[in-house]
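**Student:** Coordinates in input-v3.txt, compact mmCIF, C-alpha atoms, are listed below.
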```txt
# COMPACT_ATOMS: atom_id res chain seq x y z
CA MET A 30 0.00 0.00 0.00
CA ALA A 31 2.85 2.37 0.85
CA ALA A 32 4.31 1.91 -2.60
CA GLU A 33 1.26 3.37 -4.37
CA PRO A 34 1.62 6.97 -3.06
CA ARG A 35 5.32 6.88 -3.96
CA LEU A 36 4.48 5.68 -7.48
CA ASP A 37 1.82 8.40 -7.81
CA SER A 38 4.34 11.03 -6.73
CA LEU A 39 7.04 9.78 -9.12
CA TYR A 40 4.54 9.56 -11.96
CA SER A 41 3.45 13.17 -11.35
CA LYS A 42 7.07 14.34 -11.37
CA ILE A 43 7.80 12.57 -14.64
CA MET A 44 4.69 14.02 -16.28
CA ASN A 45 5.57 17.44 -14.83
CA GLU A 46 1.99 18.63 -15.21
CA GLU A 47 -0.80 19.59 -12.85
CA ASP A 48 -3.21 17.10 -14.36
CA ALA A 49 -0.92 14.06 -14.28
CA ARG A 50 -3.98 11.85 -13.82
CA VAL A 51 -5.36 12.55 -17.29
CA CYS A 52 -7.25 9.48 -18.59
CA LYS A 53 -7.52 10.15 -22.30
CA ASP A 54 -8.33 7.20 -24.59
CA ILE A 55 -8.34 4.46 -21.90
CA PRO A 56 -11.24 2.77 -20.02
CA ASP A 57 -12.45 4.68 -16.93
CA SER A 58 -11.79 1.60 -14.79
CA ALA A 59 -8.08 1.80 -15.66
CA CYS A 60 -7.54 5.38 -14.47
CA SER A 61 -6.61 4.55 -10.88
CA ASP A 62 -4.01 1.99 -12.00
CA VAL A 63 -2.18 4.20 -14.50
CA PRO A 64 0.99 4.95 -12.43
CA GLN A 65 1.56 1.30 -11.52
CA ASN A 66 0.90 0.08 -15.06
CA PHE A 67 3.13 2.81 -16.48
CA PHE A 68 6.17 1.82 -14.41
CA LEU A 69 5.62 -1.92 -14.83
CA GLN A 70 5.72 -1.49 -18.60
CA VAL A 71 8.74 0.81 -18.41
CA LEU A 72 10.61 -1.85 -16.40
CA ALA A 73 9.59 -4.74 -18.66
CA ASN A 74 10.51 -2.83 -21.83
CA THR A 75 13.83 -1.74 -20.32
CA LEU A 76 14.76 -5.35 -19.50
CA THR A 77 13.91 -6.65 -22.98
CA SER A 78 15.64 -3.71 -24.71
CA LEU A 79 18.80 -4.47 -22.77
CA GLY A 80 18.43 -8.15 -23.74
CA ASP A 81 18.19 -7.09 -27.39
CA THR A 82 21.49 -5.24 -27.03
CA LEU A 83 23.23 -8.24 -25.45
CA THR A 84 22.04 -10.54 -28.27
CA ASN A 85 22.59 -8.15 -31.18
CA PRO A 86 22.77 -10.16 -34.45
CA LYS A 87 25.57 -7.90 -35.71
CA THR A 88 27.81 -8.76 -32.75
CA THR A 89 26.98 -11.61 -30.35
CA LEU A 90 25.09 -13.91 -32.74
CA ALA A 91 27.45 -13.28 -35.66
CA TRP A 92 30.39 -14.16 -33.38
CA LEU A 93 28.66 -17.36 -32.26
CA LEU A 94 28.17 -18.58 -35.83
CA GLY A 95 31.79 -17.77 -36.60
CA VAL A 96 33.10 -19.68 -33.60
CA VAL A 97 31.06 -22.82 -34.31
CA GLY A 98 32.30 -22.78 -37.90
CA ALA A 99 28.98 -22.08 -39.58
CA PRO A 100 28.98 -21.16 -43.30
CA VAL A 101 29.23 -17.45 -44.04
CA ALA A 102 25.94 -17.64 -45.96
CA LEU A 103 24.13 -18.34 -42.68
CA ILE A 104 25.74 -15.35 -40.98
CA ALA A 105 24.34 -13.11 -43.72
CA TRP A 106 20.80 -14.15 -42.73
CA LEU A 107 21.03 -13.17 -39.06
CA VAL A 108 19.79 -9.57 -39.33
CA PRO A 109 17.00 -10.20 -41.89
CA ILE A 110 15.62 -13.12 -39.87
CA ARG A 111 15.89 -11.28 -36.54
CA GLU A 112 14.10 -8.17 -37.82
CA SER A 113 11.74 -9.48 -40.49
CA GLY A 114 10.83 -12.75 -38.79
CA SER A 115 9.08 -10.87 -36.02
CA MET A 116 7.16 -8.64 -38.43
CA LEU A 117 5.98 -10.75 -41.35
CA PRO A 118 3.58 -13.06 -39.42
CA GLN A 119 1.93 -10.26 -37.48
CA LEU A 120 -1.16 -10.18 -39.70
CA LEU A 121 -1.95 -13.75 -38.61
CA ILE A 122 -0.89 -13.13 -35.01
CA ALA A 123 -3.16 -10.08 -34.74
CA ALA A 124 -6.19 -11.98 -36.00
CA TRP A 125 -5.69 -14.56 -33.24
CA ILE A 126 -5.04 -11.93 -30.55
CA ARG A 127 -8.27 -10.13 -31.45
CA ARG A 128 -10.25 -13.02 -29.96
CA LEU A 129 -8.65 -12.50 -26.53
CA PRO A 130 -10.15 -9.90 -24.17
CA TYR A 131 -6.85 -9.83 -22.23
CA ARG A 132 -3.60 -9.55 -24.24
CA ARG A 133 -1.12 -9.33 -21.34
CA GLY A 134 -0.69 -13.12 -21.33
CA VAL A 135 0.32 -13.08 -25.00
CA TRP A 136 3.22 -10.76 -24.18
CA VAL A 137 4.28 -12.94 -21.24
CA CYS A 138 4.19 -16.04 -23.45
CA GLY A 139 6.24 -14.30 -26.15
CA SER A 140 8.83 -13.16 -23.60
CA LEU A 141 9.25 -16.67 -22.16
CA LEU A 142 9.57 -18.14 -25.66
CA GLN A 143 12.35 -15.66 -26.45
CA ALA A 144 14.15 -16.69 -23.26
CA ALA A 145 13.82 -20.38 -24.20
CA ALA A 146 15.17 -19.71 -27.70
CA LEU A 147 18.25 -17.95 -26.29
CA LEU A 148 18.93 -20.79 -23.84
CA ALA A 149 18.65 -23.27 -26.71
CA MET A 150 21.10 -21.19 -28.77
CA GLY A 151 23.65 -21.35 -25.98
CA ALA A 152 23.23 -25.12 -25.72
CA VAL A 153 23.64 -25.57 -29.47
CA ALA A 154 26.82 -23.49 -29.53
CA TRP A 155 28.23 -25.51 -26.62
CA PHE A 156 27.51 -29.00 -27.97
CA PHE A 157 27.57 -28.71 -31.80
CA GLU A 158 29.73 -27.20 -34.52
CA GLY A 159 29.85 -26.55 -38.25
CA ALA A 160 26.83 -26.25 -40.53
CA LEU A 161 24.66 -28.26 -38.11
CA ALA A 162 25.30 -25.81 -35.28
CA GLY A 163 24.71 -22.87 -37.61
CA GLY A 164 21.43 -24.31 -38.87
CA LEU A 165 20.19 -25.02 -35.35
CA ILE A 166 21.09 -21.50 -34.18
CA ILE A 167 19.19 -20.06 -37.15
CA ALA A 168 16.21 -22.27 -36.22
CA CYS A 169 16.36 -20.93 -32.65
CA LEU A 170 16.52 -17.39 -34.05
CA ILE A 171 13.36 -18.01 -36.10
CA VAL A 172 11.52 -19.08 -32.91
CA PHE A 173 12.92 -16.02 -31.14
CA SER A 174 11.73 -13.70 -33.93
CA LEU A 175 8.22 -15.19 -34.05
CA ALA A 176 7.96 -14.77 -30.28
CA ARG A 177 9.06 -11.16 -30.71
CA GLY A 178 6.10 -10.69 -33.03
CA LEU A 179 3.74 -11.87 -30.27
CA CYS A 180 5.15 -9.27 -27.89
CA SER A 181 5.10 -6.50 -30.49
CA VAL A 182 1.40 -6.81 -31.31
CA ALA A 183 0.27 -7.43 -27.73
CA SER A 184 2.32 -4.63 -26.18
CA LYS A 185 0.81 -1.91 -28.36
CA ASP A 186 -2.69 -2.99 -27.35
CA VAL A 187 -1.87 -3.28 -23.63
CA ILE A 188 -0.26 0.18 -23.64
CA GLY A 189 -3.31 1.53 -25.44
CA LYS A 190 -5.61 0.16 -22.70
CA THR A 191 -3.50 1.03 -19.64
CA VAL A 192 -1.59 4.26 -20.42
CA PRO A 193 -3.45 7.43 -21.47
CA LYS A 194 -2.93 9.30 -24.68
CA THR A 195 -0.26 12.04 -24.29
CA ARG A 196 1.61 9.74 -21.87
CA ARG A 197 2.65 6.88 -24.18
CA GLY A 198 5.58 8.68 -25.76
CA ARG A 199 7.14 9.20 -22.34
CA LEU A 200 6.76 5.49 -21.57
CA ASN A 201 8.59 4.51 -24.77
CA GLY A 202 11.18 7.24 -24.30
CA LEU A 203 11.92 6.41 -20.66
CA ALA A 204 12.33 2.68 -21.37
CA THR A 205 14.63 3.39 -24.34
CA SER A 206 16.67 5.83 -22.28
CA LEU A 207 17.11 3.48 -19.31
CA SER A 208 18.10 0.53 -21.50
CA GLY A 209 20.49 2.83 -23.35
CA TRP A 210 22.29 3.73 -20.11
CA LEU A 211 22.57 0.05 -19.17
CA ALA A 212 23.85 -0.84 -22.65
CA LEU A 213 26.34 2.02 -22.38
CA ALA A 214 27.64 0.56 -19.11
CA PHE A 215 28.06 -2.81 -20.83
CA GLY A 216 29.94 -1.18 -23.73
CA VAL A 217 32.31 0.58 -21.31
CA TYR A 218 32.90 -2.71 -19.48
CA CYS A 219 33.84 -4.42 -22.74
CA LEU A 220 36.22 -1.56 -23.53
CA ILE A 221 37.98 -1.96 -20.19
CA TYR A 222 37.83 -5.77 -20.01
CA PRO A 223 37.63 -7.01 -23.61
CA PRO A 224 36.76 -10.74 -23.84
CA ASN A 225 39.06 -13.09 -25.70
CA ASP A 226 37.92 -14.28 -29.11
CA ASP A 227 37.81 -17.88 -27.86
CA ASP A 228 36.10 -17.15 -24.53
CA MET A 229 33.04 -19.35 -25.08
CA LEU A 230 32.12 -19.13 -21.40
CA PHE A 231 31.73 -15.34 -21.63
CA TYR A 232 29.39 -15.47 -24.61
CA ALA A 233 27.41 -18.41 -23.22
CA ALA A 234 26.94 -16.42 -20.00
CA LEU A 235 25.83 -13.48 -22.14
CA LEU A 236 23.07 -15.55 -23.77
CA ILE A 237 21.97 -16.98 -20.42
CA GLY A 238 21.97 -13.52 -18.87
CA ALA A 239 19.83 -12.17 -21.73
CA ALA A 240 17.41 -15.09 -21.31
CA LEU A 241 17.08 -14.27 -17.61
CA LEU A 242 16.22 -10.67 -18.54
CA TRP A 243 13.28 -11.87 -20.63
CA MET A 244 12.12 -14.19 -17.83
CA LEU A 245 12.25 -11.33 -15.34
CA ALA A 246 10.39 -9.09 -17.79
CA ALA A 247 7.63 -11.72 -18.05
CA LEU A 248 7.26 -11.75 -14.25
CA VAL A 249 7.01 -7.96 -14.22
CA TYR A 250 4.56 -7.77 -17.13
CA ARG A 251 2.10 -10.27 -15.65
CA ARG A 252 1.48 -7.84 -12.78
CA ILE A 253 -0.08 -5.25 -15.13
CA ASP A 254 -3.74 -4.62 -14.36
CA GLU A 255 -5.36 -4.81 -17.79
CA ALA A 256 -9.02 -4.10 -18.52
CA PRO A 257 -10.78 -6.46 -21.00
CA GLY A 258 -10.80 -5.25 -24.58
CA ALA A 259 -12.94 -5.66 -27.66
CA THR A 260 -12.97 -9.14 -29.26
CA GLU A 261 -14.98 -8.46 -32.41
CA GLY A 262 -13.66 -9.84 -35.67
CA GLY A 263 -11.63 -12.67 -34.18
CA GLY A 264 -12.63 -15.22 -36.79
CA ASN A 265 -10.47 -17.24 -39.12
CA ALA A 266 -6.94 -15.87 -38.80
CA PHE A 267 -5.94 -16.22 -42.46
CA SER A 268 -9.11 -14.70 -43.94
CA HIS A 269 -9.02 -11.88 -41.43
CA ALA A 270 -5.37 -11.21 -42.26
CA LEU A 271 -6.19 -10.93 -45.95
CA GLY A 272 -9.04 -8.58 -45.09
CA ASN A 273 -6.73 -6.36 -43.05
CA ILE A 274 -4.50 -5.75 -46.06
CA SER A 275 -7.35 -3.61 -47.42
CA LEU A 276 -6.42 -1.04 -44.77
CA LEU A 277 -3.56 0.00 -47.03
CA ARG A 278 -6.05 0.66 -49.82
CA ASP A 279 -8.95 2.19 -47.89
CA ASP A 280 -7.33 4.03 -44.97
CA ALA A 281 -5.39 6.94 -46.51
CA PRO A 282 -3.83 8.33 -43.26
CA PHE A 283 -2.63 4.87 -42.27
CA ARG A 284 -1.25 4.17 -45.75
CA ARG A 285 0.66 7.44 -45.65
CA PHE A 286 2.07 6.57 -42.24
CA VAL A 287 3.30 3.16 -43.47
CA VAL A 288 4.99 4.72 -46.51
CA THR A 289 6.58 7.37 -44.27
CA ARG A 290 7.80 4.70 -41.85
CA ALA A 291 9.31 2.73 -44.73
CA LEU A 292 11.22 5.78 -45.96
CA LEU A 293 12.47 6.48 -42.43
CA LEU A 294 14.17 3.09 -42.30
CA CYS A 295 17.13 5.12 -43.58
CA SER A 296 18.05 6.00 -39.98
CA ALA A 297 18.70 2.31 -39.25
CA LEU A 298 20.04 1.20 -42.62
CA SER A 299 22.66 3.94 -42.86
CA ALA A 300 24.40 3.05 -39.57
CA PRO A 301 26.78 0.34 -40.94
CA TYR A 302 28.13 2.69 -43.61
CA TYR A 303 29.47 5.12 -40.98
CA VAL A 304 31.39 2.18 -39.50
CA VAL A 305 32.74 1.20 -42.96
CA LEU A 306 33.93 4.75 -43.63
CA ALA A 307 35.65 4.88 -40.24
CA ARG A 308 37.55 1.68 -40.96
CA ASP A 309 38.92 3.25 -44.15
CA VAL A 310 40.52 5.93 -41.99
CA GLU A 311 41.60 3.96 -38.92
CA SER A 312 40.76 0.49 -37.69
CA GLY A 313 41.05 -1.02 -34.23
CA PHE A 314 39.13 -2.31 -31.27
CA GLY A 315 39.14 1.09 -29.58
CA MET A 316 37.29 2.68 -32.47
CA LEU A 317 34.67 -0.09 -32.51
CA GLY A 318 34.19 0.41 -28.78
CA ALA A 319 33.70 4.10 -29.43
CA PHE A 320 30.83 3.28 -31.79
CA LEU A 321 29.18 1.08 -29.15
CA VAL A 322 29.47 3.79 -26.51
CA ALA A 323 28.26 6.49 -28.93
CA ASN A 324 25.13 4.51 -29.77
CA GLY A 325 24.28 3.78 -26.13
CA LEU A 326 24.91 7.37 -25.09
CA ALA A 327 22.71 8.73 -27.89
CA SER A 328 19.71 6.63 -26.85
CA SER A 329 20.23 7.39 -23.17
CA LEU A 330 20.37 11.15 -23.59
CA SER A 331 17.74 11.66 -26.27
CA ALA A 332 14.96 9.07 -25.92
CA GLY A 333 13.32 10.72 -22.90
CA VAL A 334 13.28 14.10 -24.66
CA TRP A 335 11.86 12.55 -27.82
CA GLY A 336 9.20 10.79 -25.72
CA ARG A 337 8.00 14.03 -24.13
CA MET A 338 7.95 15.75 -27.52
CA SER A 339 6.01 12.80 -29.01
CA ASP A 340 3.25 13.22 -26.45
CA ALA A 341 2.80 16.75 -27.76
CA SER A 342 3.18 15.84 -31.46
CA SER A 343 4.68 12.55 -32.65
CA ARG A 344 4.31 13.89 -36.21
CA GLN A 345 6.73 16.73 -35.45
CA VAL A 346 9.16 14.25 -33.88
CA LEU A 347 9.16 12.16 -37.05
CA ILE A 348 9.84 15.24 -39.18
CA ARG A 349 12.69 16.54 -37.00
CA ALA A 350 14.36 13.17 -36.48
CA ALA A 351 14.16 12.37 -40.20
CA LEU A 352 15.68 15.72 -41.14
CA LEU A 353 18.50 15.21 -38.65
CA ALA A 354 19.34 11.76 -40.05
CA SER A 355 19.03 12.93 -43.68
CA LEU A 356 21.17 16.06 -43.43
CA LEU A 357 23.86 14.29 -41.42
CA GLY A 358 24.99 12.02 -44.28
CA PRO A 359 25.90 14.72 -46.83
CA LEU A 360 27.57 16.80 -44.10
CA VAL A 361 29.79 13.90 -42.98
CA ILE A 362 30.71 13.02 -46.58
CA ALA A 363 31.66 16.65 -47.25
CA VAL A 364 33.85 16.88 -44.15
CA ASP A 365 35.39 13.47 -44.89
CA ARG A 366 36.35 14.42 -48.45
CA TRP A 367 37.26 18.11 -48.27
CA ALA A 368 38.02 19.23 -44.69
CA ASN A 369 41.64 17.92 -44.59
CA LEU A 370 41.40 17.02 -40.90
CA PRO A 371 44.36 15.47 -39.04
CA ASP A 372 44.16 11.65 -39.11
CA ALA A 373 43.33 11.23 -35.40
CA LEU A 374 40.59 13.86 -35.54
CA HIS A 375 39.38 12.52 -38.88
CA ALA A 376 38.80 9.05 -37.41
CA TRP A 377 36.70 10.42 -34.56
CA LEU A 378 34.44 12.23 -37.01
CA PHE A 379 32.54 8.97 -37.56
CA PRO A 380 31.78 8.00 -33.93
CA LEU A 381 30.57 11.58 -33.45
CA ALA A 382 28.35 11.24 -36.51
CA PHE A 383 27.18 7.85 -35.21
CA PHE A 384 26.19 9.57 -31.95
CA VAL A 385 24.09 12.13 -33.85
CA LEU A 386 22.57 9.38 -35.99
CA GLY A 387 21.71 7.48 -32.79
CA ILE A 388 19.82 10.53 -31.55
CA ALA A 389 17.91 10.75 -34.83
CA HIS A 390 17.14 7.01 -34.86
CA ALA A 391 15.83 7.16 -31.29
CA GLY A 392 13.50 9.96 -32.41
CA VAL A 393 12.24 7.94 -35.38
CA ARG A 394 11.58 4.89 -33.18
CA VAL A 395 9.84 6.73 -30.35
CA GLY A 396 7.89 8.95 -32.75
CA ARG A 397 6.52 6.16 -34.95
CA LYS A 398 5.62 3.95 -31.95
CA THR A 399 3.72 6.80 -30.32
CA TYR A 400 2.06 7.80 -33.59
CA VAL A 401 0.62 4.35 -34.33
CA LEU A 402 -0.52 3.97 -30.71
CA ASP A 403 -2.48 7.22 -30.86
CA MET A 404 -3.92 6.77 -34.36
CA ALA A 405 -6.74 4.47 -33.26
CA GLY A 406 -8.14 2.51 -30.35
CA GLY A 407 -9.42 -1.00 -29.67
CA ASN A 408 -8.88 -3.70 -32.27
CA LYS A 409 -8.08 -1.13 -34.93
CA ARG A 410 -4.84 -0.39 -33.10
CA THR A 411 -3.95 -4.10 -33.27
CA ASP A 412 -4.70 -4.13 -37.00
CA TYR A 413 -2.60 -1.03 -37.64
CA VAL A 414 0.40 -2.50 -35.82
CA SER A 415 0.18 -5.90 -37.50
CA VAL A 416 -0.34 -4.62 -41.06
CA GLY A 417 2.34 -1.95 -40.72
CA ASN A 418 4.92 -4.33 -39.25
CA SER A 419 4.23 -7.01 -41.85
CA VAL A 420 4.76 -4.53 -44.69
CA ILE A 421 7.96 -3.21 -43.10
CA GLY A 422 9.15 -6.80 -42.65
CA LEU A 423 8.82 -7.42 -46.39
CA ILE A 424 10.67 -4.19 -47.15
CA LEU A 425 13.48 -5.11 -44.77
CA LEU A 426 13.96 -8.41 -46.57
CA ALA A 427 14.14 -6.51 -49.86
CA THR A 428 16.85 -4.23 -48.50
CA GLY A 429 19.22 -7.18 -48.84
CA LEU A 430 19.59 -5.94 -52.43
CA PHE A 431 21.41 -2.91 -51.02
CA GLY A 432 24.40 -5.20 -50.55
CA LEU A 433 24.70 -5.48 -54.35
CA LEU A 434 24.24 -1.74 -54.84
CA SER A 435 26.86 -0.82 -52.25
CA GLY A 436 29.44 -2.74 -54.29
CA LEU A 437 28.79 -0.34 -57.16
CA ILE A 438 28.57 3.05 -55.43
CA GLY A 439 30.48 2.42 -52.20
CA ALA A 440 29.70 3.36 -48.62
CA ALA A 441 29.67 7.10 -49.32
CA GLY A 442 27.26 6.65 -52.20
CA MET A 443 24.97 4.52 -50.06
CA LEU A 444 24.96 7.19 -47.34
CA LEU A 445 23.94 9.85 -49.84
CA LEU A 446 21.23 7.60 -51.31
CA LEU A 447 19.78 6.77 -47.89
CA SER A 448 19.92 10.44 -46.91
CA ALA A 449 17.85 11.31 -49.98
CA ILE A 450 15.33 8.59 -49.08
CA GLY A 451 15.12 9.93 -45.52
CA LEU A 452 14.54 13.44 -46.82
CA LEU A 453 11.55 12.15 -48.80
CA GLY A 454 10.30 10.57 -45.58
CA ALA A 455 10.61 13.87 -43.72
CA LEU A 456 8.66 15.67 -46.47
CA LEU A 457 5.93 13.00 -46.45
CA ALA A 458 5.72 13.19 -42.65
CA THR A 459 4.67 16.84 -42.97
CA THR A 460 1.47 15.62 -44.66
CA LEU A 461 0.52 13.24 -41.83
CA PRO A 462 -2.47 14.29 -39.70
CA GLU A 463 -1.88 15.20 -36.04
CA VAL A 464 -3.03 12.35 -33.78
CA GLN A 465 -2.29 13.80 -30.34
CA GLN A 466 -5.04 16.41 -30.71
CA GLY A 467 -8.33 15.49 -29.08
```
Rewrite the coordinates I just gave you, this time as structure tokens.

**Tutor:**
Amino acid sequence: MAAEPRLDSLYSKIMNEEDARVCKDIPDSACSDVPQNFFLQVLANTLTSLGDTLTNPKTTLAWLLGVVGAPVALIAWLVPIRESGSMLPQLLIAAWIRRLPYRRGVWVCGSLLQAAALLAMGAVAWFFEGALAGGLIIACLIVFSLARGLCSVASKDVIGKTVPKTRRGRLNGLATSLSGWLALAFGVYCLIYPPNDDDMLFYAALLIGAALLWMLAALVYRRIDEAPGATEGGGNAFSHALGNISLLRDDAPFRRFVVTRALLLCSALSAPYYVVLARDVESGFGMLGAFLVANGLASSLSAGVWGRMSDASSRQVLIRAALLASLLGPLVIAVDRWANLPDALHAWLFPLAFFVLGIAHAGVRVGRKTYVLDMAGGNKRTDYVSVGNSVIGLILLATGLFGLLSGLIGAAGMLLLLSAIGLLGALLATTLPEVQQG
């Protein structure tokens, strides 16, 4: 009982408004539980975001496949499977979730499945090697990604029922910021105490630790007090999924948002090219560590600010973050080619740019999550999330073709191309309707 007044007080301070108890766009019965539900979701999301950092397919999982002697072709599939595998099935997942008045349990189930997949990965790496180990790890990653899809669809609906409009951006921003600080601490630790390349125990412990984070998150999430939601339209999953695709044809604001979101993928897709350009100037473990620290620091410092801004206008956040990411590329290329900086200073240009890009990417992520949450309520929110994520999943798979294009125009050319795409996204975002009003 004593914890509730403290939570109310902390919630009021974070909102920094007289009317911290606003109950816009949630059931009346949920109003009294808003502070507790807010912090439970912040904690659960922070734990899983940190787990995502510890099991990054570009670092930890790629290393695992290399150590077990898996074919290089399998390593190339890590990122597409991790990102797209969680998005593509969401049309079917959403149709099933619609039949459930309570969606909290779906998130808990997805979190536990992700933990199980990570534990299985560690076991495979310990006991097998070669193509067999690589194939089994990929199979575990597919299970992990599908479970991620369960959490993605369910979480948007639970937030929509338990956290009021004009408060959801701060939830996403606070969780991103906290996980960013924790990831930053991990990056600094690895800089000071770098693991050996053959230290299997370290990486196995990393997978087990990440699995424990998802288990803990499931325990936290199940304590959320969720009101029952609408269950209309929960018929045959496949037919309903096909019907939902018509949203792209019939719902113009939603279609425009999906196209905008696709264009704003530039903030994520451009990141590796900054690393490639830095390696052309100076290579070394210290510089890679600097990139890790820069990325964690960017999320930690900016996500909370972006979250507060998103509660006022997530549309404006998308515009500003997209402009920042788009203008950064040409500026860095210009300085790289024509500024004649000393070598040491020249090398640090790219971690600094990576830091700015991390700020922009945090804005894109927080802004688009808040925008889709506030676009609609009830089952329509579930449909928006599932259709949008499925489309983006297909687009992410298609971006594998960028690997062929980068061989022709180089890293600098790819940065300029992605900057132009992001600029189109910023311009299209100006035509989106405001969703925080009313």

**Student:** Which distance in Å separates atom CA of A:Ala123 and atom CA of A:Thr428, to one decimal?

**Tutor:**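 Between atom CA of A:Ala123 and atom CA of A:Thr428 the gap is 25.0 Å.
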
**Student:** Rank nothing, just name the residue among A:Met229, A:Leu200, A:Ala441, A:Ala247 nearest to A:Val361, using all atoms listed in the file.

**Tutor:**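 Of the candidates, the smallest distance to A:Val361 is held by A:Ala441.
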
**Student:** Using all atoms listed in the file, I'd like a table of the residues in stretch 320-437 of chain A that come within 10 Å of stretch 454-459 of chain A; for each, show the closest atom pair and its distance in Å rounded to one decimal, ordered by chain and ascending number, as a tab-separated table.

**Tutor:**
```
residue	atom	partner	partner_atom	distance
A:Arg344	CA	A:Ala458	CA	6.6
A:Gln345	CA	A:Thr459	CA	7.8
A:Val346	CA	A:Ala458	CA	9.5
A:Leu347	CA	A:Ala458	CA	6.7
A:Ile348	CA	A:Ala455	CA	4.8
A:Arg349	CA	A:Ala455	CA	7.5
A:Ala350	CA	A:Ala455	CA	8.2
A:Ala351	CA	A:Ala455	CA	5.2
A:Leu352	CA	A:Ala455	CA	6.0
A:Leu353	CA	A:Ala455	CA	9.5
A:Ala354	CA	A:Ala455	CA	9.7
A:Ser355	CA	A:Ala455	CA	8.5
```

**Student:** Which one is closest to A:Leu142: A:Met244, A:Cys219, A:Val192, A:Val71? Count all atoms listed in the file.

**Tutor:** A:Met244

**Student:** Could you tell me, as a PyMOL selection string, which residues have any atom at most 10 Å from (-0.6, 6.4, -25.9), counting all atoms listed in the file?

**Tutor:** chain A and resi 53-55+185-186+188-201+339-340+398-406+465

**Student:** Can you pull out the residues contacting A:Ser115? Cut-off 6 Å, using all atoms listed in the file, and skip same-chain residues under 3 positions away; I want them as a PDB file with C-alpha atoms, in the coordinates of the input.

**Tutor:**
```
ATOM      1  CA  GLU A 112      14.100  -8.170 -37.820  1.00  0.00           C
ATOM      2  CA  SER A 174      11.730 -13.700 -33.930  1.00  0.00           C
ATOM      3  CA  LEU A 175       8.220 -15.190 -34.050  1.00  0.00           C
ATOM      4  CA  ARG A 177       9.060 -11.160 -30.710  1.00  0.00           C
ATOM      5  CA  GLY A 178       6.100 -10.690 -33.030  1.00  0.00           C
TER       6      GLY A 178
END
```

**Student:** Between A:Leu242, A:Leu446, A:Leu306, A:Ala368, which residue has the minimum interatomic distance to A:Ala382, considering all atoms listed in the file?

**Tutor:**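 Between A:Leu242, A:Leu446, A:Leu306, A:Ala368, the residue approaching A:Ala382 most closely is A:Leu306.
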
**Student:** May I have the residues within 8 Å of A:Ala239 as a PyMOL selection string, using all atoms listed in the file and disregarding those fewer than 6 positions away in the same chain?

**Tutor:** chain A and resi 79-81+83-84+144+147

**Student:** For A:Ser206, which of A:Ala149, A:Ile221, A:Leu236, A:Ile388 is the closest residue, counting all atoms listed in the file?

**Tutor:**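 Nearest to A:Ser206: A:Ile388.
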
**Student:** Interatomic distance between atom CA of A:Ala427 and atom CA of A:Gly114?

**Tutor:**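 Pair atom CA of A:Ala427 / atom CA of A:Gly114 returns 13.1 Å.
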
**Student:** In Å, with one decimal, what is the gap from atom CA of A:Leu129 to atom CA of A:Thr205?

**Tutor:** 28.3 Å

**Student:** Just checking: using only C-alpha atoms, which residue out of A:Tyr222, A:Leu117, A:Phe286, A:Ile438 ends up closest to A:Pro462?

**Tutor:**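 For A:Pro462, the nearest of the given residues is A:Phe286.
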
**Student:** What are the centre and edge lengths in Å, to one decimal, of the axis-aligned box around all listed atoms of stretch 385-403 of chain A with 3 Å added on each side, as lines of an AutoDock Vina configuration file?

**Tutor:**
```
center_x = 10.8
center_y = 8.0
center_z = -33.2
size_x = 32.6
size_y = 14.2
size_z = 11.7
```

**Student:** Dump as a PDB file with C-alpha atoms, in the coordinates of the input all residues having an atom at most 6 Å from (13.4, 11.3, -27.8), computed in the file's coordinates with all atoms listed in the file.

**Tutor:**
```pdb
ATOM      1  CA  GLY A 202      11.180   7.240 -24.300  1.00  0.00           C
ATOM      2  CA  SER A 331      17.740  11.660 -26.270  1.00  0.00           C
ATOM      3  CA  ALA A 332      14.960   9.070 -25.920  1.00  0.00           C
ATOM      4  CA  GLY A 333      13.320  10.720 -22.900  1.00  0.00           C
ATOM      5  CA  VAL A 334      13.280  14.100 -24.660  1.00  0.00           C
ATOM      6  CA  TRP A 335      11.860  12.550 -27.820  1.00  0.00           C
ATOM      7  CA  GLY A 336       9.200  10.790 -25.720  1.00  0.00           C
ATOM      8  CA  ALA A 391      15.830   7.160 -31.290  1.00  0.00           C
ATOM      9  CA  GLY A 392      13.500   9.960 -32.410  1.00  0.00           C
TER      10      GLY A 392
END
```

**Student:** Find, counting only C-alpha atoms, the residue in A:Arg337, A:Arg252, A:Arg394, A:Arg290 that gets nearest to A:Gly134.

**Tutor:**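 Checking each candidate against A:Gly134, we get A:Arg252 as the closest.
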
**Student:** So which residues touch stretch 424-426 of chain A within 9 Å, counting only C-alpha atoms, skipping near sequence neighbours fewer than 4 positions away, as a PyMOL selection string?

**Tutor:** chain A and resi 109-110+112-113+291+294+419-420+430
